[in-house]
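So the structure is just underneath, and the comments pick up after that.
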Amino acid sequence: MHLGGFMELFSVRDVRFKGILHYPAVTIEAGRTTFLCGKSGCGKSTLLKLLNASVSPDCGEIDYLGKPLAAFDTIALRREVLLVSQTVFLFDDTIRGNFAQFYAYREQTPPTDAEMLQNLHLCAADFALDANCRSLSGGERQRVFLAICLSLRPRVLLLDEPTSALDQTTADTLLRTLKAHCTQHDMTLIAVTHDRALAQRYADVILEIGGQS
């Protein structure tokens, strides 16, 4: 389905989760930067997990590219719709080693050092490739993981509070750079944020999530 010239990417209809959260109707379009806003606890982060099948709804319907989400192979879906949560998994290895291990898992050749550094720079994570990920803060780990995800060129990138550990200037730089990069490479960016001013500056669409039943 095409909405105002944009293709419908996700359609969420009357979805309930854990008997607490309710999403009556949410539509997200491909090729547009969408920010999910709402009060704390309203279900923004859970919605991201529902969109890449990290969790399953109690009831209701979620479509992806016009097909029921349940019809997709889960592993293939999560490779195409990548989720960067606030807490991410990284191997107890260097940044270079993490790139290599995530690419090995997909049986792909890892990027060159120059390409790794470029993706790290795009994500405000200008660390040495030999830096051990165990020494990084939670926010730094999130941005390194984001750089790895970005290098994999997914169709959809789901970000949960990507700027929460950043100062205002760095947050602006990160979102401006990410939006431009995703647009250039035909990736759809969907982000959760508590910072409504940032959303207003960089979103093509802002969706207010209510969440509570």
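Here, A, B, ... name the chains of the structure tokens in the order displayed, residue numbers run from 1 inside each chain, and ligands are numbered from 1 in the same displayed order.
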Listing only residues of range 57-107 of chain A within 9 Å of range 116-121 of chain A, what is the closest atom pair and its distance in Å (to one decimal) for each, using only C-alpha atoms, sorted by chain and residue number ascending, as a Markdown table?
| residue | atom | partner | partner_atom | distance |
| --- | --- | --- | --- | --- |
| A:Ile95 | CA | A:Met116 | CA | 8.9 |
| A:Arg96 | CA | A:Met116 | CA | 7.6 |
| A:Phe99 | CA | A:Met116 | CA | 7.7 |
Output N, CA and C atoms for every residue in that selection, as a compact mmCIF listing (two decimals), in the first residue's frame.
# COMPACT_ATOMS: atom_id res chain seq x y z
N ILE A 95 37.03 -3.60 19.25
CA ILE A 95 36.01 -3.14 18.31
C ILE A 95 36.20 -3.84 16.96
N ARG A 96 37.44 -3.95 16.52
CA ARG A 96 37.72 -4.65 15.26
C ARG A 96 37.23 -6.10 15.35
N PHE A 99 33.41 -6.31 14.98
CA PHE A 99 33.00 -6.24 13.57
C PHE A 99 33.19 -7.61 12.92
Test item, alpha helix (DSSP H) assignment across range 74-210 of chain A, answer as an MDAnalysis selection string: chainID A and resid 74:80 95:105 113:122 138:151 168:184 196:202
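Taking CA of Ala70 in chain A and CA of Phe10 in chain A as endpoints, the distance between them is 12.8 Å.
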Quick one: contact table of range 32-142 of chain A to range 148-157 of chain A, 9 Å max, nearest atom pair and distance in Å to one decimal per residue, counting only C-alpha atoms, chain and number order, as a Markdown table?
| residue | atom | partner | partner_atom | distance |
| --- | --- | --- | --- | --- |
| A:Arg79 | CA | A:Pro154 | CA | 6.9 |
| A:Glu80 | CA | A:Pro154 | CA | 4.9 |
| A:Val81 | CA | A:Val156 | CA | 4.6 |
| A:Leu82 | CA | A:Leu157 | CA | 5.1 |
| A:Leu83 | CA | A:Leu157 | CA | 6.2 |
| A:Val84 | CA | A:Leu157 | CA | 7.6 |
| A:Asn98 | CA | A:Ile148 | CA | 8.2 |
| A:Phe99 | CA | A:Ile148 | CA | 6.1 |
| A:Phe102 | CA | A:Ile148 | CA | 7.9 |
| A:Tyr103 | CA | A:Leu152 | CA | 8.3 |
| A:Pro111 | CA | A:Ser151 | CA | 7.9 |
| A:Glu115 | CA | A:Ser151 | CA | 8.1 |
| A:Met116 | CA | A:Ser151 | CA | 7.7 |
| A:Asn119 | CA | A:Ser151 | CA | 6.3 |
| A:Leu120 | CA | A:Ile148 | CA | 7.9 |
| A:Leu122 | CA | A:Leu150 | CA | 8.9 |
| A:Cys123 | CA | A:Leu150 | CA | 8.7 |
Include N, CA and C atoms and write out the residues we just selected as a compact mmCIF listing (two decimals), in the first residue's frame.
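Produced file selection03.txt, reproduced below:
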# COMPACT_ATOMS: atom_id res chain seq x y z
N ARG A 79 17.71 -9.76 10.54
CA ARG A 79 18.87 -9.29 9.79
C ARG A 79 18.50 -8.10 8.92
N GLU A 80 17.24 -8.03 8.52
CA GLU A 80 16.77 -6.96 7.65
C GLU A 80 16.24 -5.77 8.45
N VAL A 81 15.68 -6.06 9.63
CA VAL A 81 15.12 -5.04 10.53
C VAL A 81 15.95 -5.09 11.81
N LEU A 82 17.00 -4.29 11.86
CA LEU A 82 17.97 -4.36 12.96
C LEU A 82 17.57 -3.44 14.11
N LEU A 83 17.62 -3.99 15.31
CA LEU A 83 17.25 -3.25 16.52
C LEU A 83 18.49 -2.92 17.34
N VAL A 84 18.67 -1.64 17.64
CA VAL A 84 19.74 -1.20 18.53
C VAL A 84 19.09 -0.73 19.83
N ASN A 98 34.88 -7.28 17.19
CA ASN A 98 33.42 -7.35 17.18
C ASN A 98 32.87 -7.23 15.76
N PHE A 99 33.41 -6.31 14.98
CA PHE A 99 33.00 -6.24 13.57
C PHE A 99 33.19 -7.61 12.92
N PHE A 102 30.63 -10.37 14.16
CA PHE A 102 29.26 -10.19 13.67
C PHE A 102 29.19 -10.51 12.17
N TYR A 103 30.22 -10.17 11.44
CA TYR A 103 30.24 -10.49 10.01
C TYR A 103 30.44 -11.99 9.79
N PRO A 111 34.30 -5.46 6.99
CA PRO A 111 34.78 -4.24 6.33
C PRO A 111 36.28 -4.06 6.56
N GLU A 115 36.81 1.39 6.54
CA GLU A 115 35.34 1.36 6.54
C GLU A 115 34.78 1.27 7.95
N MET A 116 35.44 0.49 8.80
CA MET A 116 35.01 0.41 10.20
C MET A 116 35.09 1.78 10.86
N ASN A 119 32.30 4.11 9.72
CA ASN A 119 31.00 3.83 10.35
C ASN A 119 31.00 4.24 11.82
N LEU A 120 32.11 4.05 12.49
CA LEU A 120 32.21 4.52 13.88
C LEU A 120 32.06 6.04 13.94
N LEU A 122 30.45 7.97 11.86
CA LEU A 122 29.05 8.30 11.60
C LEU A 122 28.20 8.19 12.85
N CYS A 123 28.63 7.32 13.78
CA CYS A 123 27.84 7.06 14.98
C CYS A 123 28.42 7.73 16.23
Long-range neighbours of Val26 in chain A as a PDB file with N, CA and C atoms, in the first residue's frame, 8 Å cut-off, only C-alpha atoms, 3 positions minimum in chain:
ATOM      1  N   PHE A  10       5.356  -0.719   7.942  1.00  0.00           N
ATOM      2  CA  PHE A  10       4.742  -1.473   9.030  1.00  0.00           C
ATOM      3  C   PHE A  10       3.317  -0.992   9.242  1.00  0.00           C
ATOM      4  N   SER A  11       2.446  -1.932   9.547  1.00  0.00           N
ATOM      5  CA  SER A  11       1.081  -1.607   9.948  1.00  0.00           C
ATOM      6  C   SER A  11       0.762  -2.404  11.207  1.00  0.00           C
ATOM      7  N   VAL A  12       0.405  -1.701  12.266  1.00  0.00           N
ATOM      8  CA  VAL A  12       0.094  -2.324  13.554  1.00  0.00           C
ATOM      9  C   VAL A  12      -1.377  -2.054  13.861  1.00  0.00           C
ATOM     10  N   ARG A  13      -2.143  -3.117  14.093  1.00  0.00           N
ATOM     11  CA  ARG A  13      -3.579  -2.961  14.301  1.00  0.00           C
ATOM     12  C   ARG A  13      -4.044  -3.719  15.534  1.00  0.00           C
ATOM     13  N   TYR A  23      -1.723  -1.015  21.318  1.00  0.00           N
ATOM     14  CA  TYR A  23      -1.408  -0.186  20.152  1.00  0.00           C
ATOM     15  C   TYR A  23      -2.581  -0.299  19.176  1.00  0.00           C
TER      16      TYR A  23
END
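By chain and then residue number, the residues within 12 Å of range 71-75 of chain A are Leu50, Leu51, Asn52, Ala53, Ser54, Val55, Ser56, Glu61, Ile62, Asp63, Tyr64, Leu65, Gly66, Lys67, Arg79, Glu80, Val81, Leu82, Tyr105 and Arg106 of chain A, counting only C-alpha atoms and disregarding those fewer than 4 positions away in sequence.
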Which residues of range 39-141 of chain A come within 12 Å of range 160-166 of chain A, and for each one, what is the closest pair of atoms and their distance in Å to one decimal, counting only C-alpha atoms, sorted by chain and residue number, as a tab-separated table?
residue	atom	partner	partner_atom	distance
A:Ser40	CA	A:Glu161	CA	11.9
A:Gly43	CA	A:Asp160	CA	11.5
A:Lys44	CA	A:Asp160	CA	8.4
A:Ser45	CA	A:Asp160	CA	6.3
A:Thr46	CA	A:Asp160	CA	9.7
A:Leu47	CA	A:Asp160	CA	10.2
A:Leu48	CA	A:Asp160	CA	7.7
A:Lys49	CA	A:Asp160	CA	9.7
A:Leu82	CA	A:Asp160	CA	11.2
A:Leu83	CA	A:Asp160	CA	7.9
A:Val84	CA	A:Asp160	CA	6.2
A:Ser85	CA	A:Asp160	CA	5.0
A:Gln86	CA	A:Asp160	CA	5.8
A:Thr87	CA	A:Asp160	CA	9.2
A:Val88	CA	A:Asp160	CA	10.5
A:Cys123	CA	A:Pro162	CA	9.4
A:Ala124	CA	A:Leu166	CA	9.2
A:Ala125	CA	A:Leu166	CA	11.0
A:Ser137	CA	A:Ala165	CA	9.4
A:Gly138	CA	A:Ala165	CA	8.4
A:Gly139	CA	A:Ala165	CA	5.5
A:Glu140	CA	A:Ala165	CA	8.3
A:Arg141	CA	A:Ala165	CA	10.8
Residue list (strand (DSSP E or B), DSSP) for range 53-148 of chain A, as a ChimeraX atom specification: /A:59-64,67-68,81-84,94,132
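Take the candidates A:Leu207, A:Cys59, A:Leu90, A:Ala199 and check each one against Leu136 in chain A using only C-alpha atoms; the shortest distance goes to A:Leu90.
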Select from range 9-122 of chain A every residue with an atom at most 8 Å from any atom of range 184-194 of chain A, then for each give the shortest pair of atoms and their distance in Å to one decimal, using only C-alpha atoms, rows by chain and rising number, as JSON lines.
{"residue": "A:Ala30", "atom": "CA", "partner": "A:Thr188", "partner_atom": "CA", "distance": 5.8}
{"residue": "A:Gly31", "atom": "CA", "partner": "A:Thr188", "partner_atom": "CA", "distance": 4.9}
{"residue": "A:Arg32", "atom": "CA", "partner": "A:Thr188", "partner_atom": "CA", "distance": 6.0}
{"residue": "A:Thr33", "atom": "CA", "partner": "A:Leu189", "partner_atom": "CA", "distance": 4.9}
{"residue": "A:Thr34", "atom": "CA", "partner": "A:Ile190", "partner_atom": "CA", "distance": 4.8}
{"residue": "A:Phe35", "atom": "CA", "partner": "A:Ala191", "partner_atom": "CA", "distance": 4.8}
{"residue": "A:Leu36", "atom": "CA", "partner": "A:Val192", "partner_atom": "CA", "distance": 4.8}
{"residue": "A:Cys37", "atom": "CA", "partner": "A:Thr193", "partner_atom": "CA", "distance": 6.1}
{"residue": "A:Gly38", "atom": "CA", "partner": "A:His194", "partner_atom": "CA", "distance": 7.4}
{"residue": "A:Lys39", "atom": "CA", "partner": "A:His194", "partner_atom": "CA", "distance": 7.9}
{"residue": "A:Lys44", "atom": "CA", "partner": "A:Val192", "partner_atom": "CA", "distance": 6.3}
{"residue": "A:Ser45", "atom": "CA", "partner": "A:Val192", "partner_atom": "CA", "distance": 6.8}
Keeping all heavy atoms for every residue in the selection just given, could you write it to a file as an mmCIF file, in the first residue's frame?
data_model
loop_
_atom_site.group_PDB
_atom_site.id
_atom_site.type_symbol
_atom_site.label_atom_id
_atom_site.label_comp_id
_atom_site.auth_asym_id
_atom_site.auth_seq_id
_atom_site.Cartn_x
_atom_site.Cartn_y
_atom_site.Cartn_z
ATOM 1 N N ALA A 30 7.888 3.545 4.629
ATOM 2 C CA ALA A 30 9.268 3.304 4.198
ATOM 3 C C ALA A 30 9.902 4.595 3.699
ATOM 4 O O ALA A 30 9.235 5.450 3.113
ATOM 5 C CB ALA A 30 9.287 2.254 3.095
ATOM 6 N N GLY A 31 11.195 4.737 3.965
ATOM 7 C CA GLY A 31 11.936 5.862 3.424
ATOM 8 C C GLY A 31 11.776 7.163 4.181
ATOM 9 O O GLY A 31 12.327 8.190 3.764
ATOM 10 N N ARG A 32 11.058 7.142 5.292
ATOM 11 C CA ARG A 32 10.890 8.353 6.084
ATOM 12 C C ARG A 32 11.464 8.123 7.477
ATOM 13 O O ARG A 32 11.375 7.025 8.026
ATOM 14 C CB ARG A 32 9.407 8.745 6.189
ATOM 15 C CG ARG A 32 8.712 8.838 4.844
ATOM 16 C CD ARG A 32 7.328 9.425 4.970
ATOM 17 N NE ARG A 32 7.398 10.881 5.026
ATOM 18 C CZ ARG A 32 6.345 11.677 5.263
ATOM 19 N NH1 ARG A 32 5.164 11.147 5.480
ATOM 20 N NH2 ARG A 32 6.484 12.988 5.281
ATOM 21 N N THR A 33 12.047 9.163 8.053
ATOM 22 C CA THR A 33 12.568 9.067 9.416
ATOM 23 C C THR A 33 11.429 9.284 10.390
ATOM 24 O O THR A 33 10.835 10.366 10.423
ATOM 25 C CB THR A 33 13.675 10.119 9.646
ATOM 26 O OG1 THR A 33 14.760 9.851 8.741
ATOM 27 C CG2 THR A 33 14.185 10.068 11.079
ATOM 28 N N THR A 34 11.123 8.248 11.153
ATOM 29 C CA THR A 34 9.992 8.286 12.076
ATOM 30 C C THR A 34 10.489 8.238 13.508
ATOM 31 O O THR A 34 11.291 7.366 13.872
ATOM 32 C CB THR A 34 9.040 7.102 11.822
ATOM 33 O OG1 THR A 34 8.526 7.190 10.487
ATOM 34 C CG2 THR A 34 7.885 7.105 12.800
ATOM 35 N N PHE A 35 9.999 9.167 14.329
ATOM 36 C CA PHE A 35 10.314 9.169 15.748
ATOM 37 C C PHE A 35 9.075 8.772 16.543
ATOM 38 O O PHE A 35 7.970 9.255 16.260
ATOM 39 C CB PHE A 35 10.798 10.549 16.203
ATOM 40 C CG PHE A 35 12.263 10.795 15.956
ATOM 41 C CD1 PHE A 35 12.734 11.039 14.672
ATOM 42 C CD2 PHE A 35 13.170 10.773 16.998
ATOM 43 C CE1 PHE A 35 14.078 11.262 14.429
ATOM 44 C CE2 PHE A 35 14.517 11.002 16.767
ATOM 45 C CZ PHE A 35 14.975 11.246 15.483
ATOM 46 N N LEU A 36 9.276 7.906 17.521
ATOM 47 C CA LEU A 36 8.215 7.493 18.423
ATOM 48 C C LEU A 36 8.373 8.263 19.731
ATOM 49 O O LEU A 36 9.420 8.184 20.382
ATOM 50 C CB LEU A 36 8.281 5.992 18.701
ATOM 51 C CG LEU A 36 8.350 5.070 17.475
ATOM 52 C CD1 LEU A 36 8.423 3.612 17.920
ATOM 53 C CD2 LEU A 36 7.167 5.302 16.554
ATOM 54 N N CYS A 37 7.351 9.017 20.096
ATOM 55 C CA CYS A 37 7.386 9.824 21.313
ATOM 56 C C CYS A 37 6.223 9.440 22.222
ATOM 57 O O CYS A 37 5.237 8.849 21.788
ATOM 58 C CB CYS A 37 7.312 11.309 20.970
ATOM 59 S SG CYS A 37 8.745 11.937 20.055
ATOM 60 N N GLY A 38 6.336 9.807 23.478
ATOM 61 C CA GLY A 38 5.287 9.509 24.446
ATOM 62 C C GLY A 38 5.873 9.449 25.840
ATOM 63 O O GLY A 38 7.093 9.487 26.031
ATOM 64 N N LYS A 39 4.988 9.335 26.822
ATOM 65 C CA LYS A 39 5.421 9.320 28.211
ATOM 66 C C LYS A 39 6.222 8.053 28.524
ATOM 67 O O LYS A 39 6.094 7.032 27.855
ATOM 68 C CB LYS A 39 4.202 9.393 29.139
ATOM 69 C CG LYS A 39 3.413 10.691 29.022
ATOM 70 C CD LYS A 39 2.218 10.675 29.959
ATOM 71 C CE LYS A 39 1.409 11.966 29.849
ATOM 72 N NZ LYS A 39 0.212 11.944 30.732
ATOM 73 N N LYS A 44 7.004 2.576 23.986
ATOM 74 C CA LYS A 44 7.782 2.926 22.783
ATOM 75 C C LYS A 44 8.841 1.866 22.485
ATOM 76 O O LYS A 44 8.962 1.388 21.357
ATOM 77 C CB LYS A 44 8.443 4.299 22.961
ATOM 78 C CG LYS A 44 7.485 5.444 23.258
ATOM 79 C CD LYS A 44 8.203 6.778 23.334
ATOM 80 C CE LYS A 44 9.201 6.886 24.477
ATOM 81 N NZ LYS A 44 8.572 6.801 25.815
ATOM 82 N N SER A 45 9.623 1.501 23.500
ATOM 83 C CA SER A 45 10.686 0.512 23.304
ATOM 84 C C SER A 45 10.109 -0.861 22.974
ATOM 85 O O SER A 45 10.663 -1.594 22.143
ATOM 86 C CB SER A 45 11.565 0.427 24.556
ATOM 87 O OG SER A 45 12.189 1.669 24.822
#
9 Å contact set for Lys18 in chain A, only C-alpha atoms, chain neighbours under 3 positions out, as a ChimeraX atom specification: /A:21,57-58
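Nearest to Asp204 in chain A of all the residues A:Thr183, A:Asn132, A:Thr169, A:Gln108 is A:Thr183, counting only C-alpha atoms.
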Atomic distance CA of Ala180 in chain A - CA of Glu8 in chain A, expressed in Å with one decimal: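 Separation of CA of Ala180 in chain A and CA of Glu8 in chain A: 20.7 Å.
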Nearest to Leu158 in chain A, chosen from A:Ala171, A:Arg16, A:Leu178, A:Met7, with only C-alpha atoms counted in the distances: A:Leu178
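Atom pair CA of Val205 in chain A / CA of Leu159 in chain A: separated by 15.0 Å.
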